[in-house]
Each structure stands twice: as structure tokens, then as C-alpha cells.
Amino acid sequence: MDWYSAVKFLHIVSAILWVGGGFTLMLLAVRADRAGNVEGMLQAMRATGELGNRFFAPMSMLTLLFGLIMCGFWVGFSDLWVLIGLAGYATTFCIGMFVFKPTADRMAGMIAKDGVTPAVLAQGQRVLNAARFDYSVMLMIIADMVLKPTLHDITILGCMAFVLATGAALALGRTRPLLPSAAEV
């Protein structure tokens, strides 16, 4: 096996762990939200907060590091698909650091102080909405890495833009507020 294949393997494994783990938590939260299961929603939010710095941030950094190594030694940084991937990474990293992390910390503090309140659940909805957009960005990054579009691939670029627009619409769309049950208040 050559070095490029080894680094590419590590890049893909770290991306699978990062994206797949977060997607699983998002699915759990969406299912709990749709079922009106406040405790399930809070469990998913707690897990997201607990794993954010310990698992998701390191996996995202390893994904970036291995991708940069591949680009630096073998691919270069000038292809459109590399630039789209880096912009997508920057977007999802910022969502994690400036939305997921502070919101999860704020929720934990609110729960410790007042228990499960409508305000806590509203913060949970904020995280879930951001996750919808975040995962549309990740889907776009995955498509970008596999398909490697150029400026001539209008259909692929259009589909990627559609995925982002759909994620933004889902993130900005109306959600029904979760209310704590009498046992949780």
C-alpha cells in the first residue's frame, strides 16, 4: 500500500465516524421530536454536548488534517472540489463551535438551574434546526468528495446547491414547540 492510500483511508474513516456519529444523534433527536418525546430529545442533546469536544471535534479535525495532507502532497489546493470541500468544512465547523457547543452548554446550565422548561426545549429545537442545515452541508461535502465537480459540471453543482437550499429551508422552517410533560417539570 502506498502512503496516499493510507492517508486516504484514515481520512475516510475519521469522516465516517464524525459524520455518521452526528447523523445518528440527529436522527434520534428528530424521532424524539416527532414523537413528542421530551426525554428522548434531551438525551440526544446531552449526548451531543458530551461528545462534541471529546469525539466530534477531534474526528472533524482528523478528517481535515488527513484531507490537507492528501492535498498538500498529492492533489493540490486549486481544484474547485477541494475549495468546495474546505468551504463546507469551515461552515460545519463553525456551526459546531458557535451553535451546537454554546447551545448545549446553555441548555445544561438551564436544566441544572430550573429543570426542563419550555425555554430549554426551545434551545433544543434551535440545535435540531441547525443540525438540519449542518447535515445538508455534510451531504454536499460527501457528494463533492466523491464526484469532484469542476465548473463544467453544472448539474452536479446545481444539485449540491439544491441540497444546501433544502437544508436551509428545513432549518428555518417552522417547528412545533415541545412542551415538558407534568412529570418532567
# chains A, B, ... in the order shown; residues from 1 in each chain; ligands from 1
>>> closest_atom_pairs(of="range 106-145 of chain A", to="range 22-43 of chain A", cutoff="9 Å", atoms="only C-alpha atoms", output="tab-separated table")
residue	atom	partner	partner_atom	distance
A:Val116	CA	A:Leu42	CA	8.9
A:Leu121	CA	A:Val38	CA	7.9
A:Gly124	CA	A:Leu42	CA	7.4
A:Gln125	CA	A:Asp33	CA	8.5
A:Leu128	CA	A:Met26	CA	7.1
A:Ala131	CA	A:Met26	CA	6.8
A:Arg132	CA	A:Met26	CA	8.1
A:Tyr135	CA	A:Phe23	CA	7.3
>>> write_last_selection(atoms="C-alpha atoms", output="JSON list (two decimals), in the first residue's frame")
[["chain", "number", "residue", "atom", "x", "y", "z"],
["A", 116, "VAL", "CA", -36.75, 21.09, 31.90],
["A", 121, "LEU", "CA", -36.82, 22.85, 24.85],
["A", 124, "GLY", "CA", -33.15, 22.03, 21.81],
["A", 125, "GLN", "CA", -35.24, 22.97, 18.79],
["A", 128, "LEU", "CA", -32.13, 20.46, 15.85],
["A", 131, "ALA", "CA", -28.37, 20.18, 12.61],
["A", 132, "ARG", "CA", -30.69, 20.01, 9.60],
["A", 135, "TYR", "CA", -26.12, 17.79, 7.63]]
>>> residues_around(residues="Pro102 in chain A", least_positions_apart="6", cutoff="12 Å", atoms="only C-alpha atoms", output="list in words")
Met45, Thr48, Gly49, Gly52, Asn53, Cys94, Ile95, Gly96, Ala108, Gly109, Gln123, Gly124, Arg126 and Val127 of chain A
>>> atom_distance(atom1="CA of Leu10 in chain A", atom2="CA of Gly67 in chain A")
9.2 Å
>>> closest_residue(among="A:Ala87, A:Met107, A:Leu170, A:Met145", to="Ala15 in chain A", atoms="only C-alpha atoms")
A:Met145
>>> residues_around(residues="Ser14 in chain A", least_positions_apart="5", cutoff="12 Å", atoms="only C-alpha atoms", output="MDAnalysis selection string")
chainID A and resid 7:9 19:21 55:67
>>> write_last_selection(atoms="N, CA and C atoms", output="CSV table (one decimal), in the first residue's frame")
chain,number,residue,atom,x,y,z
A,7,VAL,N,-3.3,7.4,3.9
A,7,VAL,CA,-3.8,8.7,4.4
A,7,VAL,C,-5.3,8.8,3.9
A,8,LYS,N,-5.6,8.4,2.7
A,8,LYS,CA,-7.0,8.5,2.2
A,8,LYS,C,-7.9,7.6,3.1
A,9,PHE,N,-7.4,6.4,3.4
A,9,PHE,CA,-8.2,5.5,4.3
A,9,PHE,C,-8.4,6.2,5.7
A,19,VAL,N,-19.2,12.2,10.7
A,19,VAL,CA,-20.5,12.4,10.1
A,19,VAL,C,-21.5,11.4,10.5
A,20,GLY,N,-21.1,10.1,10.5
A,20,GLY,CA,-22.1,9.1,10.9
A,20,GLY,C,-22.5,9.2,12.3
A,21,GLY,N,-21.6,9.4,13.3
A,21,GLY,CA,-22.0,9.6,14.7
A,21,GLY,C,-22.9,10.7,14.9
A,55,PHE,N,-15.3,13.8,21.0
A,55,PHE,CA,-15.4,12.9,19.9
A,55,PHE,C,-15.5,13.6,18.5
A,56,PHE,N,-16.6,14.4,18.4
A,56,PHE,CA,-16.9,15.1,17.1
A,56,PHE,C,-15.8,16.1,16.7
A,57,ALA,N,-15.4,16.9,17.6
A,57,ALA,CA,-14.3,17.9,17.2
A,57,ALA,C,-13.0,17.2,16.8
A,58,PRO,N,-12.5,16.2,17.6
A,58,PRO,CA,-11.3,15.5,17.2
A,58,PRO,C,-11.5,14.8,15.8
A,59,MET,N,-12.6,14.1,15.6
A,59,MET,CA,-12.8,13.4,14.4
A,59,MET,C,-12.9,14.4,13.2
A,60,SER,N,-13.5,15.6,13.4
A,60,SER,CA,-13.6,16.5,12.3
A,60,SER,C,-12.2,17.1,12.0
A,61,MET,N,-11.4,17.3,13.1
A,61,MET,CA,-10.0,17.8,12.9
A,61,MET,C,-9.2,16.8,12.2
A,62,LEU,N,-9.3,15.5,12.5
A,62,LEU,CA,-8.5,14.4,11.9
A,62,LEU,C,-9.0,14.4,10.4
A,63,THR,N,-10.3,14.5,10.1
A,63,THR,CA,-10.7,14.5,8.7
A,63,THR,C,-10.1,15.6,8.0
A,64,LEU,N,-10.1,16.8,8.5
A,64,LEU,CA,-9.4,17.9,7.9
A,64,LEU,C,-7.9,17.7,7.7
A,65,LEU,N,-7.3,17.2,8.8
A,65,LEU,CA,-5.8,17.0,8.7
A,65,LEU,C,-5.4,16.1,7.6
A,66,PHE,N,-6.1,14.9,7.6
A,66,PHE,CA,-5.8,13.9,6.5
A,66,PHE,C,-6.1,14.4,5.1
A,67,GLY,N,-7.2,15.2,5.0
A,67,GLY,CA,-7.5,15.8,3.7
A,67,GLY,C,-6.5,16.8,3.3
>>> atom_distance(atom1="CA of Val99 in chain A", atom2="CA of Gly85 in chain A")
20.4 Å
>>> atom_distance(atom1="CA of Ala122 in chain A", atom2="CA of Lys101 in chain A")
15.4 Å
>>> residues_around(residues="Val146 in chain A", least_positions_apart="6", cutoff="12 Å", atoms="only C-alpha atoms", output="ChimeraX atom specification")
/A:12,81-82,85,139-140,156
>>> write_last_selection(atoms="C-alpha atoms", output="PDB file, in the first residue's frame")
ATOM      1  CA  ILE A  12     -12.433   8.379   5.147  1.00  0.00           C
ATOM      2  CA  TRP A  81     -13.944  20.370  -5.492  1.00  0.00           C
ATOM      3  CA  VAL A  82     -11.138  20.920  -2.953  1.00  0.00           C
ATOM      4  CA  GLY A  85     -14.856  20.807   0.469  1.00  0.00           C
ATOM      5  CA  LEU A 139     -24.118  15.706   2.402  1.00  0.00           C
ATOM      6  CA  MET A 140     -22.890  18.312  -0.053  1.00  0.00           C
ATOM      7  CA  ILE A 156     -23.825  18.380 -10.039  1.00  0.00           C
TER       8      ILE A 156
END
>>> select_by_dssp(residues="range 30-180 of chain A", states="helix (DSSP H, G or I)", output="PyMOL selection string")
chain A and resi 30-35+38-75+80-114+118-147+154-172
>>> residues_around(residues="Ala165 in chain A", least_positions_apart="3", cutoff="12 Å", atoms="only C-alpha atoms", output="PyMOL selection string")
chain A and resi 132-137+140+158-162+168-173
